[in-house]
Amino acid sequence: DGKKGLDAVATNQESGSVQIARNDGSGQLKARKALVVGGEPNGVAVGDFDGVAGPDALVTNQDTDTVHVLLNNGKGGLVRHADIPVGEFPRAVAVADLDGVGGPDAVVVHFLSGTVQVLLNTGTGTLFAPQIPIVIGGRPVAVAVGDLDGSPGLDIAVTQSDTGRLQVLTNNGAAVFTPAAPIKVGEFPSAVAIGDLNEDGINEIIVANGDDGTVQVLRRNSAGVFVPRRVVKVGSDPAAIVLGDFDGR
């Protein structure tokens with residue numbers, strides 16, 4: 001809403017709605033009236049798609065096989081702008097500038113069809129052009145975007161729930177992606193994040209394994225292949241992961 005403090009946006013599958021919780025300036029969140037989109041919304045990502053009024057949102061809907069484009073109304077709320085047809089059972093979405101033009105793009109993973117699909121921003125800021133889905137198999141459930149090979153263009157990391165594997169797709173700089181060989185991780189990898197944990201200028205991939213109750217760190221070796229380096233036991237069924245500096249070191 002442009003006021004002090006970060007706000008939050010959440011999807012509600014049971015009610016088929018999307019809800020913003022606004023920061024009151026003291027760090028407390030207060031829920032606003034929910035925006036009903038129908039179906040079963042699940043994944044959500046935020047980016048400024050139209051360059052006006054503040055951050056907007058993309059929401060995947062696993063019941064209607066669509067991605068909802070929700071634009072900021074300038075008053076701290078979201079309005080439904082467009083619905084983009086995508087693949088079967090879209091599970092998660094990430095937002096980043098994948099081709100270097102036209103503003104933030106998006107990448108969606110489809111659970112039932114086992115595909116990854118890029119949605120390129122057309123330059124209008126509010127319309128996205130779905131690209132041909134890339135078949136990877138393995139019931140993908142989570143996606144993250146970041147530089148994974150040191151070359152121009154952001155790359156994609158996807159977890160495959162039923163094979164216990166991680167799939168990296170490298171960007172040629174123009175948002176054309178090539179899948180690398182899948183990497184074995186834990187059982188039911190449910191979440192993924194990308195970040196430079198040891199501050200050496202090279203990003204790691206961090207995976208949460210639901211059935212193992214672990215978080216796993218993968219580092220890139222001299223051959224450019226990501227290799228599991230450390231496993232941390234965190235408890236039963238981890239379902240999400242985010243990175244941040246929590247200890248100030």
# chains A, B, ... in the order shown; residues from 1 in each chain; ligands from 1

call {"tool": "select_by_dssp", "arguments": {"residues": "range 153-236 of chain A", "states": "strand (DSSP E or B)", "output": "tab-separated table (two decimals) with N, CA, C and O atoms, in the first residue's frame"}}
result
chain	number	residue	atom	x	y	z
A	155	ASP	N	18.19	-18.41	-14.27
A	155	ASP	CA	17.87	-19.81	-14.49
A	155	ASP	C	16.73	-20.25	-13.56
A	155	ASP	O	16.26	-19.48	-12.73
A	156	ILE	N	16.31	-21.50	-13.71
A	156	ILE	CA	15.16	-22.03	-12.98
A	156	ILE	C	15.56	-23.31	-12.26
A	156	ILE	O	16.28	-24.15	-12.81
A	157	ALA	N	15.08	-23.46	-11.03
A	157	ALA	CA	15.22	-24.71	-10.28
A	157	ALA	C	13.84	-25.19	-9.88
A	157	ALA	O	13.02	-24.41	-9.38
A	158	VAL	N	13.57	-26.49	-10.11
A	158	VAL	CA	12.25	-27.06	-9.86
A	158	VAL	C	12.42	-28.37	-9.09
A	158	VAL	O	13.29	-29.18	-9.42
A	159	THR	N	11.60	-28.57	-8.08
A	159	THR	CA	11.61	-29.85	-7.36
A	159	THR	C	10.56	-30.78	-7.95
A	159	THR	O	9.44	-30.37	-8.30
A	160	GLN	N	10.93	-32.08	-8.06
A	160	GLN	CA	10.05	-33.11	-8.58
A	160	GLN	C	9.66	-34.04	-7.43
A	160	GLN	O	10.49	-34.81	-6.93
A	165	ARG	N	13.81	-35.61	-6.99
A	165	ARG	CA	14.88	-35.01	-7.77
A	165	ARG	C	14.70	-33.50	-7.90
A	165	ARG	O	13.60	-32.97	-7.74
A	166	LEU	N	15.81	-32.85	-8.21
A	166	LEU	CA	15.84	-31.42	-8.49
A	166	LEU	C	16.20	-31.24	-9.96
A	166	LEU	O	17.15	-31.85	-10.45
A	167	GLN	N	15.43	-30.39	-10.64
A	167	GLN	CA	15.69	-30.13	-12.06
A	167	GLN	C	16.14	-28.68	-12.24
A	167	GLN	O	15.43	-27.76	-11.84
A	168	VAL	N	17.32	-28.47	-12.82
A	168	VAL	CA	17.81	-27.14	-13.17
A	168	VAL	C	17.61	-26.92	-14.66
A	168	VAL	O	17.91	-27.79	-15.48
A	169	LEU	N	17.09	-25.74	-15.00
A	169	LEU	CA	16.91	-25.35	-16.40
A	169	LEU	C	17.70	-24.06	-16.63
A	169	LEU	O	17.43	-23.05	-15.98
A	170	THR	N	18.67	-24.12	-17.53
A	170	THR	CA	19.54	-22.97	-17.74
A	170	THR	C	19.00	-22.08	-18.86
A	170	THR	O	18.45	-22.55	-19.85
A	171	ASN	N	19.21	-20.78	-18.68
A	171	ASN	CA	18.70	-19.75	-19.57
A	171	ASN	C	19.80	-19.35	-20.56
A	171	ASN	O	20.93	-19.10	-20.16
A	177	PHE	N	15.09	-22.07	-22.34
A	177	PHE	CA	15.61	-22.86	-21.23
A	177	PHE	C	15.92	-24.30	-21.65
A	177	PHE	O	15.16	-24.92	-22.38
A	178	THR	N	17.05	-24.79	-21.12
A	178	THR	CA	17.49	-26.15	-21.41
A	178	THR	C	17.60	-26.93	-20.11
A	178	THR	O	18.35	-26.53	-19.21
A	179	PRO	N	16.86	-28.03	-19.97
A	179	PRO	CA	16.97	-28.83	-18.74
A	179	PRO	C	18.32	-29.54	-18.66
A	179	PRO	O	18.81	-30.10	-19.64
A	183	ILE	N	18.95	-34.02	-10.52
A	183	ILE	CA	19.84	-34.25	-9.39
A	183	ILE	C	19.04	-34.91	-8.27
A	183	ILE	O	17.99	-34.41	-7.86
A	184	LYS	N	19.52	-36.03	-7.77
A	184	LYS	CA	18.84	-36.72	-6.69
A	184	LYS	C	18.98	-35.94	-5.39
A	184	LYS	O	20.08	-35.55	-4.99
A	189	PRO	N	10.73	-33.67	-2.28
A	189	PRO	CA	11.23	-32.30	-2.15
A	189	PRO	C	10.10	-31.30	-2.38
A	189	PRO	O	9.56	-31.19	-3.48
A	190	SER	N	9.73	-30.59	-1.34
A	190	SER	CA	8.51	-29.80	-1.34
A	190	SER	C	8.72	-28.31	-1.56
A	190	SER	O	7.77	-27.59	-1.84
A	191	ALA	N	9.96	-27.84	-1.42
A	191	ALA	CA	10.22	-26.41	-1.56
A	191	ALA	C	11.65	-26.21	-2.01
A	191	ALA	O	12.53	-27.04	-1.77
A	192	VAL	N	11.91	-25.06	-2.65
A	192	VAL	CA	13.25	-24.76	-3.14
A	192	VAL	C	13.50	-23.25	-3.08
A	192	VAL	O	12.57	-22.46	-3.24
A	193	ALA	N	14.74	-22.89	-2.82
A	193	ALA	CA	15.15	-21.48	-2.81
A	193	ALA	C	16.56	-21.39	-3.39
A	193	ALA	O	17.31	-22.37	-3.39
A	194	ILE	N	16.94	-20.21	-3.85
A	194	ILE	CA	18.25	-19.96	-4.43
A	194	ILE	C	18.86	-18.75	-3.74
A	194	ILE	O	18.21	-17.72	-3.57
A	195	GLY	N	20.13	-18.89	-3.32
A	195	GLY	CA	20.82	-17.78	-2.68
A	195	GLY	C	22.28	-18.10	-2.43
A	195	GLY	O	22.67	-19.26	-2.44
A	204	GLU	N	23.88	-20.99	-4.16
A	204	GLU	CA	23.53	-22.36	-3.81
A	204	GLU	C	22.04	-22.59	-4.06
A	204	GLU	O	21.26	-21.64	-4.21
A	205	ILE	N	21.65	-23.86	-4.11
A	205	ILE	CA	20.23	-24.23	-4.16
A	205	ILE	C	19.90	-24.92	-2.85
A	205	ILE	O	20.63	-25.81	-2.40
A	206	ILE	N	18.80	-24.49	-2.23
A	206	ILE	CA	18.40	-25.05	-0.94
A	206	ILE	C	17.04	-25.72	-1.13
A	206	ILE	O	16.10	-25.12	-1.66
A	207	VAL	N	16.95	-26.98	-0.72
A	207	VAL	CA	15.75	-27.78	-0.94
A	207	VAL	C	15.22	-28.29	0.40
A	207	VAL	O	16.00	-28.75	1.25
A	208	ALA	N	13.91	-28.19	0.60
A	208	ALA	CA	13.26	-28.81	1.76
A	208	ALA	C	12.63	-30.12	1.31
A	208	ALA	O	11.89	-30.16	0.32
A	209	ASN	N	12.97	-31.20	2.01
A	209	ASN	CA	12.46	-32.54	1.68
A	209	ASN	C	11.39	-32.94	2.68
A	209	ASN	O	11.68	-33.20	3.85
A	214	THR	N	14.04	-32.83	6.18
A	214	THR	CA	15.37	-32.24	6.08
A	214	THR	C	15.38	-31.02	5.17
A	214	THR	O	14.48	-30.82	4.34
A	215	VAL	N	16.44	-30.21	5.34
A	215	VAL	CA	16.78	-29.15	4.41
A	215	VAL	C	18.16	-29.47	3.86
A	215	VAL	O	19.08	-29.80	4.61
A	216	GLN	N	18.31	-29.37	2.56
A	216	GLN	CA	19.52	-29.81	1.88
A	216	GLN	C	20.12	-28.64	1.09
A	216	GLN	O	19.41	-27.90	0.40
A	217	VAL	N	21.45	-28.48	1.19
A	217	VAL	CA	22.17	-27.44	0.46
A	217	VAL	C	22.94	-28.10	-0.68
A	217	VAL	O	23.67	-29.07	-0.48
A	218	LEU	N	22.79	-27.55	-1.88
A	218	LEU	CA	23.52	-28.04	-3.05
A	218	LEU	C	24.42	-26.92	-3.57
A	218	LEU	O	23.96	-25.78	-3.76
A	219	ARG	N	25.69	-27.25	-3.79
A	219	ARG	CA	26.66	-26.27	-4.30
A	219	ARG	C	27.14	-26.68	-5.68
A	219	ARG	O	27.24	-27.85	-6.02
A	220	ARG	N	27.49	-25.67	-6.48
A	220	ARG	CA	27.96	-25.92	-7.84
A	220	ARG	C	29.44	-26.28	-7.83
A	220	ARG	O	30.25	-25.55	-7.25
A	226	PHE	N	25.43	-29.07	-9.82
A	226	PHE	CA	25.08	-28.90	-8.41
A	226	PHE	C	25.11	-30.24	-7.69
A	226	PHE	O	24.52	-31.23	-8.15
A	227	VAL	N	25.82	-30.25	-6.55
A	227	VAL	CA	26.04	-31.46	-5.79
A	227	VAL	C	25.57	-31.25	-4.36
A	227	VAL	O	25.90	-30.23	-3.74
A	228	PRO	N	24.78	-32.18	-3.80
A	228	PRO	CA	24.37	-32.05	-2.39
A	228	PRO	C	25.59	-32.03	-1.47
A	228	PRO	O	26.46	-32.90	-1.57
A	229	ARG	N	25.66	-31.02	-0.59
A	229	ARG	CA	26.80	-30.86	0.30
A	229	ARG	C	26.47	-31.01	1.77
A	229	ARG	O	27.30	-31.42	2.56
A	230	ARG	N	25.26	-30.65	2.14
A	230	ARG	CA	24.91	-30.69	3.56
A	230	ARG	C	23.43	-30.97	3.73
A	230	ARG	O	22.60	-30.47	2.97
A	231	VAL	N	23.10	-31.79	4.72
A	231	VAL	CA	21.71	-32.09	5.05
A	231	VAL	C	21.48	-31.73	6.51
A	231	VAL	O	22.24	-32.14	7.39
A	232	VAL	N	20.43	-30.94	6.76
A	232	VAL	CA	20.09	-30.50	8.11
A	232	VAL	C	18.72	-31.05	8.48
A	232	VAL	O	17.74	-30.85	7.75
A	233	LYS	N	18.64	-31.76	9.59
A	233	LYS	CA	17.36	-32.28	10.07
A	233	LYS	C	16.56	-31.15	10.69
A	233	LYS	O	17.06	-30.43	11.58

call {"tool": "closest_residue", "arguments": {"among": "A:Ser151, A:Ala144, A:Asp48, A:Gln19", "to": "Val242 in chain A", "atoms": "only C-alpha atoms"}}
result
A:Ala144

call {"tool": "closest_residue", "arguments": {"among": "A:Pro130, A:Gly87, A:Gly39, A:Gly224", "to": "Asp63 in chain A", "atoms": "only C-alpha atoms"}}
result
A:Gly39

call {"tool": "closest_residue", "arguments": {"among": "A:Ser26, A:Asn121, A:Thr163, A:Gln62", "to": "Glu187 in chain A", "atoms": "only C-alpha atoms"}}
result
A:Thr163

call {"tool": "closest_residue", "arguments": {"among": "A:Val69, A:Ala240, A:Leu120, A:Val18", "to": "Gly100 in chain A", "atoms": "only C-alpha atoms"}}
result
A:Leu120

call {"tool": "atom_distance", "arguments": {"atom1": "CA of Gly210 in chain A", "atom2": "CA of Ser236 in chain A"}}
result
7.1 Å

call {"tool": "residues_around", "arguments": {"residues": "Arg91 in chain A", "least_positions_apart": "6", "cutoff": "7 Å", "atoms": "only C-alpha atoms", "output": "PyMOL selection string"}}
result
chain A and resi 42-43+60+62+109-111+141

call {"tool": "atom_distance", "arguments": {"atom1": "CA of Asp24 in chain A", "atom2": "CA of Asn72 in chain A"}}
result
18.0 Å

call {"tool": "residues_around", "arguments": {"residues": "range 55-59 of chain A", "least_positions_apart": "5", "cutoff": "9 Å", "atoms": "only C-alpha atoms", "output": "JSON, numbers by chain"}}
result
{"A": [1, 9, 11, 18, 41, 42, 43, 44, 45, 46, 47, 48, 49, 50, 66, 67, 68, 69, 70, 71, 72, 73, 78, 92, 93, 94, 95, 106]}

call {"tool": "residues_around", "arguments": {"residues": "Gln28 in chain A", "least_positions_apart": "6", "cutoff": "10 Å", "atoms": "only C-alpha atoms", "output": "NGL selection string"}}
result
:A and (5-7 or 21-22)

call {"tool": "write_last_selection", "arguments": {"atoms": "all heavy atoms", "output": "PDB file, in the first residue's frame"}}
result
ATOM      1  N   GLY A   5       6.250  -0.288   6.262  1.00  0.00           N
ATOM      2  CA  GLY A   5       6.210  -1.720   6.540  1.00  0.00           C
ATOM      3  C   GLY A   5       5.743  -2.554   5.366  1.00  0.00           C
ATOM      4  O   GLY A   5       4.986  -2.106   4.503  1.00  0.00           O
ATOM      5  N   LEU A   6       6.220  -3.792   5.341  1.00  0.00           N
ATOM      6  CA  LEU A   6       5.818  -4.735   4.301  1.00  0.00           C
ATOM      7  C   LEU A   6       4.467  -5.357   4.635  1.00  0.00           C
ATOM      8  O   LEU A   6       4.160  -5.620   5.797  1.00  0.00           O
ATOM      9  CB  LEU A   6       6.871  -5.838   4.170  1.00  0.00           C
ATOM     10  CG  LEU A   6       8.257  -5.398   3.684  1.00  0.00           C
ATOM     11  CD1 LEU A   6       9.217  -6.580   3.695  1.00  0.00           C
ATOM     12  CD2 LEU A   6       8.180  -4.790   2.293  1.00  0.00           C
ATOM     13  N   ASP A   7       3.683  -5.594   3.606  1.00  0.00           N
ATOM     14  CA  ASP A   7       2.396  -6.256   3.749  1.00  0.00           C
ATOM     15  C   ASP A   7       2.542  -7.714   3.306  1.00  0.00           C
ATOM     16  O   ASP A   7       3.618  -8.155   2.917  1.00  0.00           O
ATOM     17  CB  ASP A   7       1.343  -5.527   2.912  1.00  0.00           C
ATOM     18  CG  ASP A   7       1.323  -4.030   3.189  1.00  0.00           C
ATOM     19  OD1 ASP A   7       1.141  -3.645   4.354  1.00  0.00           O
ATOM     20  OD2 ASP A   7       1.514  -3.250   2.233  1.00  0.00           O
ATOM     21  N   ALA A  21      -2.934  -8.905   3.838  1.00  0.00           N
ATOM     22  CA  ALA A  21      -2.844  -8.488   5.235  1.00  0.00           C
ATOM     23  C   ALA A  21      -1.939  -7.258   5.272  1.00  0.00           C
ATOM     24  O   ALA A  21      -0.749  -7.347   4.969  1.00  0.00           O
ATOM     25  CB  ALA A  21      -2.281  -9.609   6.099  1.00  0.00           C
ATOM     26  N   ARG A  22      -2.506  -6.114   5.604  1.00  0.00           N
ATOM     27  CA  ARG A  22      -1.768  -4.853   5.571  1.00  0.00           C
ATOM     28  C   ARG A  22      -1.045  -4.613   6.884  1.00  0.00           C
ATOM     29  O   ARG A  22      -1.549  -4.898   7.964  1.00  0.00           O
ATOM     30  CB  ARG A  22      -2.715  -3.685   5.273  1.00  0.00           C
ATOM     31  CG  ARG A  22      -3.302  -3.725   3.882  1.00  0.00           C
ATOM     32  CD  ARG A  22      -4.269  -2.600   3.632  1.00  0.00           C
ATOM     33  NE  ARG A  22      -3.629  -1.294   3.688  1.00  0.00           N
ATOM     34  CZ  ARG A  22      -4.281  -0.148   3.499  1.00  0.00           C
ATOM     35  NH1 ARG A  22      -5.593  -0.153   3.265  1.00  0.00           N
ATOM     36  NH2 ARG A  22      -3.651   0.998   3.554  1.00  0.00           N
TER      37      ARG A  22
END
